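Text of the file start.tsv, holding TSV, C-alpha atoms:
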```tsv
chain	number	residue	atom	x	y	z
W	779	MET	CA	28.19	-20.58	-14.29
W	780	ILE	CA	28.20	-16.98	-13.08
W	781	ASN	CA	27.40	-14.40	-15.74
W	782	PRO	CA	29.69	-11.38	-16.03
W	783	LYS	CA	28.67	-8.43	-13.91
W	784	PRO	CA	26.16	-6.33	-15.88
W	785	GLU	CA	27.48	-3.05	-17.18
W	786	VAL	CA	24.27	-1.03	-17.16
W	787	ARG	CA	22.51	-0.11	-13.92
W	788	PRO	CA	18.87	0.94	-13.60
W	789	ALA	CA	18.47	4.66	-14.20
W	790	ASN	CA	16.62	4.72	-10.88
W	791	PRO	CA	17.60	1.83	-8.57
W	792	ARG	CA	14.93	2.71	-5.99
W	793	PHE	CA	12.44	-0.16	-5.77
W	794	SER	CA	11.36	0.26	-2.15
W	795	SER	CA	7.78	-0.61	-1.22
W	796	GLY	CA	7.50	2.39	1.07
W	797	PRO	CA	8.46	5.13	0.81
W	798	CYS	CA	8.29	4.39	-2.89
W	799	PRO	CA	10.11	5.97	-5.85
W	800	LYS	CA	9.32	9.55	-6.79
W	801	PRO	CA	7.54	10.23	-10.09
W	802	PRO	CA	9.82	10.49	-13.14
W	803	GLY	CA	11.33	13.95	-13.48
W	804	TRP	CA	10.81	14.81	-9.81
W	805	ALA	CA	13.21	17.32	-8.27
W	806	PRO	CA	12.98	19.13	-4.93
W	807	SER	CA	13.70	22.43	-6.67
W	808	ASN	CA	10.35	22.10	-8.48
W	809	LEU	CA	8.35	22.25	-5.25
W	810	PRO	CA	6.84	25.60	-4.22
W	811	ILE	CA	8.19	26.68	-0.83
W	812	ASP	CA	6.41	29.99	-0.28
W	813	LEU	CA	4.11	28.42	2.34
W	814	LEU	CA	6.90	26.98	4.46
W	815	GLY	CA	6.86	28.68	7.84
W	816	ARG	CA	3.23	29.71	7.39
W	817	SER	CA	0.16	28.27	9.06
W	818	HIS	CA	-1.71	25.50	7.34
W	819	ARG	CA	-4.83	27.35	8.52
W	820	SER	CA	-3.96	30.47	6.55
W	821	LEU	CA	-6.06	31.11	3.47
W	822	PRO	CA	-3.33	30.02	1.04
W	823	GLY	CA	-2.41	27.03	3.23
W	824	ARG	CA	-6.02	25.86	3.37
W	825	ALA	CA	-6.31	26.36	-0.39
W	826	ARG	CA	-3.39	23.99	-1.02
W	827	LEU	CA	-4.88	21.33	1.26
W	828	GLU	CA	-8.18	21.65	-0.60
W	829	ARG	CA	-6.29	21.42	-3.90
W	830	LEU	CA	-4.78	18.10	-2.76
W	831	ILE	CA	-8.21	16.75	-1.79
W	832	ASP	CA	-9.81	17.91	-5.05
W	833	LEU	CA	-7.06	16.35	-7.20
W	834	THR	CA	-7.36	13.08	-5.30
W	835	ARG	CA	-11.09	12.99	-5.89
W	836	GLU	CA	-10.74	13.91	-9.57
W	837	ILE	CA	-8.02	11.42	-10.49
W	838	LEU	CA	-9.52	8.51	-8.56
W	839	GLY	CA	-13.08	9.22	-9.71
W	840	ILE	CA	-14.41	9.32	-6.16
W	841	PRO	CA	-18.17	10.02	-6.06
W	842	ASP	CA	-19.26	13.52	-5.14
W	843	ASP	CA	-21.11	12.37	-2.03
W	844	TYR	CA	-18.05	10.64	-0.57
W	845	ARG	CA	-15.88	12.57	1.91
W	846	VAL	CA	-12.13	12.80	1.32
W	847	GLY	CA	-9.88	13.94	4.16
W	848	ILE	CA	-6.22	14.27	5.11
W	849	VAL	CA	-5.48	12.58	8.45
W	850	PRO	CA	-2.46	11.96	10.70
W	851	ALA	CA	-0.06	9.03	10.88
W	852	SER	CA	-0.04	7.70	7.34
W	853	ASP	CA	-2.23	4.77	6.27
W	854	THR	CA	-1.87	3.20	9.70
W	855	GLY	CA	-3.42	6.24	11.34
W	856	ALA	CA	-6.25	6.31	8.80
W	857	VAL	CA	-7.09	2.62	9.32
W	858	GLU	CA	-6.98	2.83	13.09
W	859	MET	CA	-9.05	6.01	13.04
W	860	ALA	CA	-11.74	4.05	11.20
W	861	LEU	CA	-11.51	1.03	13.51
W	862	TRP	CA	-11.70	3.07	16.72
W	863	SER	CA	-14.46	5.36	15.44
W	864	LEU	CA	-16.77	3.00	13.53
W	865	LEU	CA	-16.61	-0.50	14.98
W	866	GLY	CA	-18.53	-1.92	17.90
W	867	CYS	CA	-22.20	-1.85	16.94
W	868	ARG	CA	-22.10	-4.98	14.74
W	869	PRO	CA	-20.07	-8.18	14.66
W	870	VAL	CA	-16.91	-7.90	12.56
W	871	ASP	CA	-15.30	-10.09	9.90
W	872	VAL	CA	-11.57	-9.45	9.49
W	873	LEU	CA	-9.55	-10.78	6.55
W	874	ALA	CA	-5.83	-11.27	7.03
W	875	TRP	CA	-3.38	-12.81	4.59
W	876	GLU	CA	-0.29	-10.70	5.25
W	877	SER	CA	1.34	-8.55	7.92
W	878	PHE	CA	-0.91	-5.50	7.90
W	879	GLY	CA	-4.15	-7.45	7.76
W	880	LYS	CA	-2.92	-9.38	10.78
W	881	ALA	CA	-2.17	-6.09	12.53
W	882	TRP	CA	-5.75	-4.89	11.98
W	883	LEU	CA	-7.03	-8.24	13.25
W	884	ASN	CA	-4.92	-7.83	16.37
W	885	ASP	CA	-6.30	-4.33	16.91
W	886	VAL	CA	-9.89	-5.56	16.65
W	887	VAL	CA	-9.38	-8.58	18.90
W	888	SER	CA	-6.70	-7.53	21.39
W	889	GLU	CA	-7.00	-3.74	21.62
W	890	LEU	CA	-10.70	-3.03	21.02
W	891	LYS	CA	-11.53	-6.45	22.49
W	892	LEU	CA	-14.64	-6.86	20.36
W	893	ASP	CA	-16.88	-9.89	20.66
W	894	GLY	CA	-18.29	-11.65	17.62
W	895	VAL	CA	-15.14	-11.40	15.48
W	896	ASN	CA	-14.96	-13.81	12.55
W	897	ARG	CA	-11.37	-14.36	11.44
W	898	HIS	CA	-10.58	-15.19	7.82
W	899	VAL	CA	-6.85	-15.92	7.79
W	900	ALA	CA	-4.68	-17.34	5.01
W	901	ASP	CA	-0.98	-18.04	4.65
W	902	TYR	CA	1.30	-15.79	2.64
W	903	GLY	CA	0.67	-16.33	-1.06
W	904	LEU	CA	-3.02	-17.15	-0.65
W	905	LEU	CA	-6.34	-15.38	-0.14
W	906	PRO	CA	-8.86	-16.54	2.46
W	907	ASP	CA	-12.20	-17.88	1.24
W	908	LEU	CA	-13.93	-14.66	0.16
W	909	ALA	CA	-17.25	-16.48	-0.21
W	910	ALA	CA	-17.23	-17.19	3.55
W	911	VAL	CA	-17.27	-13.51	4.53
W	912	ASP	CA	-20.49	-12.37	6.24
W	913	PHE	CA	-21.34	-8.94	4.87
W	914	SER	CA	-24.20	-8.46	7.30
W	915	ASN	CA	-21.27	-7.68	9.61
W	916	ASP	CA	-18.69	-4.94	9.31
W	917	VAL	CA	-15.77	-6.21	7.22
W	918	VAL	CA	-12.12	-5.12	7.52
W	919	PHE	CA	-9.63	-6.09	4.80
W	920	THR	CA	-6.67	-4.99	2.73
W	921	TRP	CA	-7.22	-4.67	-1.00
W	922	ASN	CA	-3.60	-5.37	-1.87
W	923	GLY	CA	-1.34	-7.25	0.53
W	924	THR	CA	1.77	-5.09	0.53
W	925	THR	CA	3.90	-7.71	2.27
W	926	SER	CA	2.61	-10.76	0.38
W	927	GLY	CA	2.00	-9.43	-3.13
W	928	VAL	CA	-1.51	-10.90	-3.05
W	929	ARG	CA	-4.55	-8.78	-3.89
W	930	VAL	CA	-8.27	-9.38	-4.24
W	931	PRO	CA	-8.94	-9.73	-7.98
W	932	ASP	CA	-11.93	-7.36	-7.95
W	933	GLY	CA	-14.89	-6.27	-5.85
W	934	ALA	CA	-17.32	-8.95	-7.02
W	935	PHE	CA	-17.16	-10.70	-3.64
W	936	ILE	CA	-18.73	-7.64	-1.94
W	937	PRO	CA	-22.55	-7.58	-2.28
W	938	ASP	CA	-24.38	-4.39	-3.15
W	939	ASP	CA	-26.94	-5.02	-0.41
W	940	ARG	CA	-24.43	-5.55	2.42
W	941	GLY	CA	-25.66	-4.75	5.90
W	942	GLY	CA	-22.37	-3.71	7.48
W	943	LEU	CA	-19.61	-1.37	6.46
W	944	THR	CA	-16.56	-2.35	4.39
W	945	ILE	CA	-13.34	-0.88	5.76
W	946	CYS	CA	-10.58	-1.23	3.17
W	947	ASP	CA	-6.87	-0.59	3.59
W	948	ALA	CA	-6.01	0.24	-0.03
W	949	THR	CA	-2.64	1.88	0.47
W	950	SER	CA	-0.64	-0.16	-2.07
W	951	ALA	CA	-3.58	-0.52	-4.48
W	952	VAL	CA	-4.92	2.99	-4.93
W	953	PHE	CA	-3.75	4.76	-8.15
W	954	ALA	CA	-2.65	1.38	-9.57
W	955	GLN	CA	-5.77	-0.79	-9.42
W	956	GLU	CA	-9.47	-0.22	-10.08
W	957	LEU	CA	-11.37	0.35	-6.85
W	958	PRO	CA	-15.18	-0.03	-6.93
W	959	TRP	CA	-16.24	2.91	-4.79
W	960	ASP	CA	-19.82	1.70	-4.50
W	961	LYS	CA	-18.46	-1.40	-2.71
W	962	LEU	CA	-16.22	0.48	-0.27
W	963	ASP	CA	-17.46	2.46	2.73
W	964	VAL	CA	-14.09	3.38	4.21
W	965	THR	CA	-10.92	3.50	2.11
W	966	THR	CA	-7.50	4.48	3.40
W	967	PHE	CA	-4.09	5.07	1.89
W	968	SER	CA	-0.91	7.08	2.34
W	969	TRP	CA	0.96	9.38	-0.02
W	970	GLN	CA	4.15	7.33	0.21
W	971	LYS	CA	3.02	4.35	-1.90
W	972	ALA	CA	1.70	4.68	-5.46
W	973	LEU	CA	2.20	8.46	-5.56
W	974	GLY	CA	5.80	8.31	-4.38
W	975	GLY	CA	4.99	11.01	-1.83
W	976	GLU	CA	6.38	11.55	1.63
W	977	ALA	CA	5.40	9.57	4.72
W	978	ALA	CA	3.38	10.39	7.85
W	979	HIS	CA	0.19	11.64	6.16
W	980	GLY	CA	-2.86	9.49	5.46
W	981	MET	CA	-6.06	9.79	3.45
W	982	LEU	CA	-9.50	8.75	4.65
W	983	ILE	CA	-12.40	8.32	2.20
W	984	LEU	CA	-15.89	7.83	3.62
W	985	SER	CA	-19.07	6.74	1.87
W	986	PRO	CA	-22.40	8.28	2.94
W	987	ARG	CA	-23.10	5.04	4.85
W	988	ALA	CA	-19.88	5.45	6.84
W	989	ALA	CA	-20.66	9.10	7.54
W	990	GLY	CA	-24.10	8.04	8.76
W	991	ARG	CA	-22.56	5.47	11.11
W	992	LEU	CA	-20.37	8.15	12.68
W	993	GLU	CA	-23.43	10.22	13.53
W	994	SER	CA	-25.56	7.32	14.77
W	995	TRP	CA	-22.99	5.35	16.79
W	996	THR	CA	-20.80	6.40	19.70
W	997	PRO	CA	-18.10	3.87	20.62
W	998	PRO	CA	-18.01	2.83	24.29
W	999	TRP	CA	-14.25	3.42	24.51
W	1000	PRO	CA	-12.30	6.68	24.64
W	1001	VAL	CA	-11.32	7.98	21.19
W	1002	PRO	CA	-8.01	9.90	21.10
W	1003	LYS	CA	-8.06	13.40	19.64
W	1004	VAL	CA	-6.16	12.39	16.49
W	1005	PHE	CA	-8.88	9.79	15.77
W	1006	ARG	CA	-11.93	11.99	16.38
W	1007	LEU	CA	-14.12	12.47	13.32
W	1008	THR	CA	-17.15	13.93	15.06
W	1009	ARG	CA	-17.92	17.03	17.08
W	1010	ALA	CA	-20.94	17.18	19.36
W	1011	GLY	CA	-22.30	14.02	17.76
W	1012	ARG	CA	-22.05	15.32	14.20
W	1013	LEU	CA	-19.50	14.54	11.51
W	1014	ASN	CA	-16.73	17.13	11.58
W	1015	GLU	CA	-17.12	18.21	7.97
W	1016	SER	CA	-14.19	20.63	8.15
W	1017	ILE	CA	-11.76	17.67	8.12
W	1018	PHE	CA	-12.96	16.92	4.60
W	1019	ARG	CA	-12.48	20.51	3.47
W	1020	GLY	CA	-8.81	20.82	4.35
W	1021	ALA	CA	-8.98	21.51	8.11
W	1022	THR	CA	-6.63	18.76	9.29
W	1023	ILE	CA	-6.83	17.33	12.82
W	1024	ASN	CA	-3.18	18.10	13.47
W	1025	THR	CA	-0.52	20.13	11.68
W	1026	PRO	CA	0.56	18.72	8.30
W	1027	SER	CA	3.90	19.36	6.63
W	1028	MET	CA	3.23	21.89	3.90
W	1029	LEU	CA	6.37	20.68	2.12
W	1030	CYS	CA	4.89	17.16	2.05
W	1031	VAL	CA	1.61	18.65	0.86
W	1032	GLU	CA	3.34	20.32	-2.09
W	1033	ASP	CA	5.20	17.10	-2.84
W	1034	CYS	CA	1.93	15.15	-2.96
W	1035	ILE	CA	0.26	17.79	-5.14
W	1036	ALA	CA	3.20	17.55	-7.54
W	1037	ALA	CA	2.71	13.77	-7.75
W	1038	LEU	CA	-1.01	14.17	-8.37
W	1039	GLU	CA	-0.40	16.77	-11.06
W	1040	TRP	CA	2.12	14.43	-12.69
W	1041	ALA	CA	-0.54	11.72	-12.67
W	1042	ALA	CA	-2.98	14.09	-14.36
W	1043	THR	CA	-0.48	15.03	-17.07
W	1044	ILE	CA	0.26	11.42	-18.07
W	1045	GLY	CA	-3.42	10.54	-18.48
W	1046	GLY	CA	-4.77	10.10	-14.97
W	1047	LEU	CA	-5.82	6.85	-13.36
W	1048	ASP	CA	-5.97	4.80	-16.56
W	1049	ALA	CA	-2.39	5.72	-17.39
W	1050	MET	CA	-1.17	4.96	-13.88
W	1051	ILE	CA	-2.84	1.55	-13.90
W	1052	GLY	CA	-1.39	0.90	-17.34
W	1053	ARG	CA	2.13	1.70	-16.17
W	1054	ALA	CA	1.83	-0.61	-13.15
W	1055	ASN	CA	0.39	-3.39	-15.32
W	1056	ALA	CA	3.25	-3.00	-17.81
W	1057	ASN	CA	5.73	-3.31	-14.96
W	1058	LEU	CA	4.06	-6.46	-13.67
W	1059	ALA	CA	4.13	-7.90	-17.20
W	1060	ALA	CA	7.88	-7.23	-17.40
W	1061	VAL	CA	8.52	-8.99	-14.08
W	1062	THR	CA	6.26	-11.87	-15.13
W	1063	GLY	CA	8.23	-12.37	-18.32
W	1064	PHE	CA	11.47	-12.43	-16.35
W	1065	VAL	CA	10.23	-14.84	-13.69
W	1066	GLU	CA	8.66	-17.25	-16.19
W	1067	ASN	CA	12.06	-17.72	-17.78
W	1068	ARG	CA	13.88	-18.47	-14.52
W	1069	ASP	CA	13.98	-21.78	-12.67
W	1070	TRP	CA	15.13	-20.24	-9.40
W	1071	LEU	CA	12.45	-17.63	-8.78
W	1072	ASP	CA	8.64	-17.53	-8.60
W	1073	PHE	CA	5.84	-15.30	-7.35
W	1074	LEU	CA	4.82	-15.69	-3.75
W	1075	ALA	CA	1.19	-15.36	-4.93
W	1076	PHE	CA	0.03	-18.79	-6.08
W	1077	ASP	CA	-2.82	-17.60	-8.29
W	1078	PRO	CA	-1.86	-15.28	-11.18
W	1079	ALA	CA	-5.26	-13.54	-10.85
W	1080	THR	CA	-4.30	-12.35	-7.37
W	1081	ARG	CA	-0.78	-11.10	-8.15
W	1082	SER	CA	-0.15	-7.52	-7.14
W	1083	ASN	CA	0.97	-5.07	-9.81
W	1084	THR	CA	2.68	-2.87	-7.21
W	1085	SER	CA	4.25	-4.83	-4.36
W	1086	VAL	CA	5.63	-7.81	-6.24
W	1087	CYS	CA	6.80	-10.47	-3.79
W	1088	LEU	CA	9.04	-13.27	-5.05
W	1089	LYS	CA	10.29	-16.50	-3.51
W	1090	PHE	CA	13.29	-18.71	-4.22
W	1091	VAL	CA	12.35	-22.08	-5.74
W	1092	HIS	CA	15.84	-23.32	-6.59
W	1093	PRO	CA	16.14	-26.70	-4.80
W	1094	GLY	CA	19.37	-25.71	-3.11
W	1095	VAL	CA	17.74	-22.65	-1.57
W	1096	ALA	CA	14.16	-23.79	-1.06
W	1097	MET	CA	15.36	-26.67	1.15
W	1098	LEU	CA	17.08	-24.27	3.56
W	1099	ASP	CA	15.44	-23.49	6.87
W	1100	PRO	CA	13.81	-20.02	7.09
W	1101	THR	CA	16.79	-18.49	8.91
W	1102	ALA	CA	19.24	-19.67	6.26
W	1103	ARG	CA	16.90	-18.59	3.44
W	1104	ALA	CA	16.61	-15.16	5.04
W	1105	ARG	CA	20.40	-14.95	5.21
W	1106	PHE	CA	20.61	-15.97	1.54
W	1107	ALA	CA	18.10	-13.27	0.56
W	1108	ARG	CA	19.95	-10.62	2.58
W	1109	GLY	CA	23.11	-11.57	0.72
W	1110	ILE	CA	21.48	-10.84	-2.63
W	1111	VAL	CA	19.99	-7.58	-1.38
W	1112	SER	CA	23.37	-6.48	0.03
W	1113	ARG	CA	25.23	-7.26	-3.21
W	1114	LEU	CA	22.74	-5.22	-5.23
W	1115	GLU	CA	22.87	-2.29	-2.81
W	1116	GLU	CA	26.68	-2.31	-2.86
W	1117	GLU	CA	26.54	-2.07	-6.65
W	1118	ALA	CA	23.82	0.65	-6.55
W	1119	ALA	CA	21.77	-1.63	-8.80
W	1120	ALA	CA	18.76	-1.94	-6.49
W	1121	PHE	CA	17.89	-0.50	-3.10
W	1122	ASP	CA	15.51	-1.91	-0.49
W	1123	ILE	CA	14.19	-5.02	-2.28
W	1124	GLY	CA	14.29	-7.45	0.64
W	1125	SER	CA	11.03	-9.07	1.70
W	1126	TYR	CA	9.14	-7.57	4.64
W	1127	ARG	CA	10.49	-8.68	8.00
W	1128	ASP	CA	7.45	-10.84	8.86
W	1129	ALA	CA	7.06	-12.32	5.37
W	1130	PRO	CA	8.72	-15.46	3.96
W	1131	PRO	CA	12.34	-14.78	2.91
W	1132	GLY	CA	12.62	-13.55	-0.65
W	1133	LEU	CA	12.54	-10.35	-2.68
W	1134	ARG	CA	9.97	-7.56	-2.87
W	1135	ILE	CA	10.11	-5.17	-5.80
W	1136	TRP	CA	7.86	-2.12	-6.08
W	1137	THR	CA	6.40	-1.89	-9.58
W	1138	GLY	CA	3.88	0.91	-9.16
W	1139	SER	CA	3.35	3.62	-11.74
W	1140	THR	CA	6.25	5.83	-10.62
W	1141	VAL	CA	8.65	3.05	-11.66
W	1142	GLU	CA	9.86	3.03	-15.26
W	1143	THR	CA	9.67	-0.35	-17.01
W	1144	SER	CA	13.10	0.34	-18.46
W	1145	SER	CA	14.56	0.45	-14.93
W	1146	LEU	CA	13.10	-2.97	-14.20
W	1147	GLU	CA	14.53	-4.36	-17.43
W	1148	MET	CA	17.97	-3.08	-16.40
W	1149	LEU	CA	17.51	-4.68	-12.98
W	1150	PHE	CA	16.84	-8.21	-14.24
W	1151	PRO	CA	20.42	-9.07	-15.32
W	1152	TRP	CA	21.60	-7.88	-11.91
W	1153	LEU	CA	19.19	-10.26	-10.20
W	1154	ASP	CA	20.62	-13.17	-12.21
W	1155	TRP	CA	24.16	-12.09	-11.39
W	1156	ALA	CA	23.56	-11.62	-7.64
W	1157	PHE	CA	21.67	-14.91	-7.32
W	1158	ALA	CA	24.43	-16.86	-9.03
W	1159	LEU	CA	27.07	-15.30	-6.79
W	1160	GLN	CA	25.06	-16.00	-3.66
W	1161	LEU	CA	24.34	-19.57	-4.72
W	1162	ASN	CA	28.03	-20.12	-5.40
W	1163	ALA	CA	28.87	-18.80	-1.94
W	1164	LEU	CA	26.27	-21.12	-0.41
W	1165	ARG	CA	27.79	-24.15	-2.13
W	1166	HIS	CA	31.20	-23.28	-0.75
W	1167	ASP	CA	30.05	-22.73	2.85
```
Would you kindly transcribe this structure into structure tokens?
Amino acid sequence: MINPKPEVRPANPRFSSGPCPKPPGWAPSNLPIDLLGRSHRSLPGRARLERLIDLTREILGIPDDYRVGIVPASDTGAVEMALWSLLGCRPVDVLAWESFGKAWLNDVVSELKLDGVNRHVADYGLLPDLAAVDFSNDVVFTWNGTTSGVRVPDGAFIPDDRGGLTICDATSAVFAQELPWDKLDVTTFSWQKALGGEAAHGMLILSPRAAGRLESWTPPWPVPKVFRLTRAGRLNESIFRGATINTPSMLCVEDCIAALEWAATIGGLDAMIGRANANLAAVTGFVENRDWLDFLAFDPATRSNTSVCLKFVHPGVAMLDPTARARFARGIVSRLEEEAAAFDIGSYRDAPPGLRIWTGSTVETSSLEMLFPWLDWAFALQLNALRHD
């Protein structure tokens, strides 16, 4: 039986996992524009870049001796900057359990062509064996698998006395999950995830150990200008004081500052984590009462509270081959977009067919609760169409 079409749509139907929804109350008219058309190297331009760095440090509780910098090319640029600049002097362990972890593994193996790479790979929905990671080596991993909805539960698997560096892609975890800074030597993220900022700008956070590596190790390969963190063999400290490697968008800078200031006004990191956890709890309650849907993450302790990935477990759908299941999922996504009930909730292109719903702190729980009846409605329609094919 197909339920009647719901009458109430989410107040904000944007559930994309990147770029993600803007903070509640956001409006372009609220952004200062007096620096548009001015140099980012001007005194007021530099002051705004420093303001963004300082707010990031304050809200996330980043230690004073860690460097925080704005870098090009979103989280991808920040990760690859770290890989190209820091790796090569030790063997490397790479963890991959979703699309982006596999991309970093490919970079290490196929682009940098490093020897002594230990691969820790798991299927979507699972984590690799964290106990098997050799932390005398450098270790590259994602904290939260954006395309699988699987995260590491905490930092307990990282020893305090590790010999190598930990390089962590935290782009869909930061501002929504606790990050143990003493366990992380390199942390990267972009503004477009948990902050709901604009794309193309990344953040790079370095521990003192990582900074020391940059000054004691010179990679044997050419390092492109946009990846260079040193000058004459010394760390380029100006990058971490607002002197960006290339030209940033000052409009995007103001947009990110607005998101950070919103985070501060609602109670900072604790409040942001609380909002994301409340959203995950709402989705969990919905899924637990449905026989056609389940989390892609097998272990509840590893379920993401931001990039929630769901799979179809209804027998009539689960038995379909991947191409047919992908077509079924696209049908649901299309119906919801046509009704302006949900935008951009299809699973990532390389992930198993299903749904992916962003539940980070810029999403209101009330919008999710309005979405749930639409999911029931769209699934029933799509299942009915499948039965009549």
Note to self: I'd like the contact shell of Gly1109 of chain W - 10 Å cut-off, only C-alpha atoms, skipping same-chain residues fewer than 5 positions apart - returned as number ranges by chain.
What the structure shows: W: 1103-1104, 1114-1115, 1124, 1156-1157, 1159-1161, 1163
Output C-alpha atoms for every residue in the selection just made, as a PDB file, keeping the file's coordinate frame.
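Wrote it out as selection13.pdb, contents follow:
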```pdb
ATOM      1  CA  ARG W1103      16.900 -18.590   3.440  1.00  0.00           C
ATOM      2  CA  ALA W1104      16.610 -15.160   5.040  1.00  0.00           C
ATOM      3  CA  LEU W1114      22.740  -5.220  -5.230  1.00  0.00           C
ATOM      4  CA  GLU W1115      22.870  -2.290  -2.810  1.00  0.00           C
ATOM      5  CA  GLY W1124      14.290  -7.450   0.640  1.00  0.00           C
ATOM      6  CA  ALA W1156      23.560 -11.620  -7.640  1.00  0.00           C
ATOM      7  CA  PHE W1157      21.670 -14.910  -7.320  1.00  0.00           C
ATOM      8  CA  LEU W1159      27.070 -15.300  -6.790  1.00  0.00           C
ATOM      9  CA  GLN W1160      25.060 -16.000  -3.660  1.00  0.00           C
ATOM     10  CA  LEU W1161      24.340 -19.570  -4.720  1.00  0.00           C
ATOM     11  CA  ALA W1163      28.870 -18.800  -1.940  1.00  0.00           C
TER      12      ALA W1163
END
```
Check: How far is it from atom CA of Arg1134 of chain W to atom CA of Leu904 of chain W, in Å with one decimal?
Finding: 16.3 Å
Notebook entry, point to check: Residues at most 6 Å from Val870 of chain W, counting only C-alpha atoms, excluding those fewer than 3 positions away in the same chain, as a list in words?
Noted result: Val895, Asn915, Asp916 and Val917 of chain W
Margin query: Using all atoms listed in the file, which protein or nucleic acid residues come within 8 Å of Arg897 of chain W? Drop anything in the same chain fewer than 2 positions from it, and give the result as a list in words.
Written below: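 Near Arg897 of chain W, the qualifying residues are Asp871, Val872, Leu873, Ala874, Leu883, Val895 and Val899 of chain W.
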Notebook entry, point to check: Can you tell me, as a list in words, which residues sit within 10 Å of (1.9, -11.7, 9.0) in the file's frame, using all atoms listed in the file?
Noted result: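 Counting all atoms listed in the file, I find these residues within 10 Å of (1.9, -11.7, 9.0): Ala874, Trp875, Glu876, Ser877, Phe878, Gly879, Lys880, Ala881, Val899, Ala900, Asp901, Tyr902, Thr925, Ser926, Tyr1126, Arg1127, Asp1128, Ala1129 and Pro1130 of chain W.
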Check: What is the atom CA of Arg1105 of chain W-atom CA of Val1061 of chain W distance in Å, reported with one decimal?
Finding: 23.4 Å
Next item on the list: Could you tell me how far atom CA of Val1141 of chain W lies from atom CA of Pro799 of chain W, in Å and to one decimal?
Entry: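 Separation of atom CA of Val1141 of chain W and atom CA of Pro799 of chain W: 6.7 Å.
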Check: If we count all atoms listed in the file, what is near Cys798 of chain W at a cut-off of 7 Å, once residues fewer than 2 positions away on the same chain are taken out, given as an MDAnalysis selection string?
Finding: chainID W and resid 793:796 800 970:971 974
Preceding selection exported with C-alpha atoms as a PDB file, in the frame of the given file:
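Wrote out.pdb, looks like this:
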```
ATOM      1  CA  PHE W 793      12.440  -0.160  -5.770  1.00  0.00           C
ATOM      2  CA  SER W 794      11.360   0.260  -2.150  1.00  0.00           C
ATOM      3  CA  SER W 795       7.780  -0.610  -1.220  1.00  0.00           C
ATOM      4  CA  GLY W 796       7.500   2.390   1.070  1.00  0.00           C
ATOM      5  CA  LYS W 800       9.320   9.550  -6.790  1.00  0.00           C
ATOM      6  CA  GLN W 970       4.150   7.330   0.210  1.00  0.00           C
ATOM      7  CA  LYS W 971       3.020   4.350  -1.900  1.00  0.00           C
ATOM      8  CA  GLY W 974       5.800   8.310  -4.380  1.00  0.00           C
TER       9      GLY W 974
END
```
Margin query: Need to verify the contact set: Ala860 of chain W, 12 Å, all atoms listed in the file, exclusion of same-chain residues closer than 6 positions in sequence. Can you return it as a PyMOL selection string?
Written below: chain W and resi 849+853-854+866+882+885-886+916-918+943-947+963-966+980-984+988-989+991-992+997+1001+1004-1008
Notebook entry, point to check: With distances taken over only C-alpha atoms, which of W:Ala825, W:Leu813, W:Ala1079, W:Val1086 is nearest to Ser950 of chain W?
Noted result: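 Checking each of W:Ala825, W:Leu813, W:Ala1079, W:Val1086 against Ser950 of chain W, counting only C-alpha atoms, the winner is W:Val1086.
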Next item on the list: Identify the residues around (-8.4, 6.4, -14.6) within a radius of 9 Å, measuring from all atoms listed in the file in the coordinates stated by the file, and give them as a list in words.
Entry: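 Protein and nucleic acid residues near the point are Ile837, Leu838, Gly839, Phe953, Glu956, Gly1045, Gly1046, Leu1047, Asp1048, Ala1049, Met1050 and Ile1051 of chain W.
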Notebook entry, point to check: Nearest to Ile1035 of chain W: which of W:Leu908, W:Val952, W:Leu865, W:Leu833 is it, counting all atoms listed in the file?
Noted result: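 Using all atoms listed in the file, the shortest distance to Ile1035 of chain W belongs to W:Leu833.
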Next item on the list: Point out the residue among W:Gly927, W:Asn922, W:Pro841, W:Ala977 with the least atom-to-atom distance to Ala1075 of chain W, counting all atoms listed in the file.
Entry: W:Gly927
Checklist line | Nearest candidate to Arg824 of chain W (options W:Asn1057, W:Asn1067, W:Ser1082, W:Ser1016; using all atoms listed in the file) | finding: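 Closest candidate: W:Ser1016.
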Next item on the list: Determine the nearest neighbour of Trp1040 of chain W from the options W:Asn896, W:Tyr844, W:Ser1139, W:Pro850, counting all atoms listed in the file.
Entry: W:Ser1139
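Proximity to Ala1102 of chain W was assessed for W:Asp1167, W:Arg1012, W:Val911, W:Asp939 counting all atoms listed in the file; the smallest distance is recorded for W:Asp1167.
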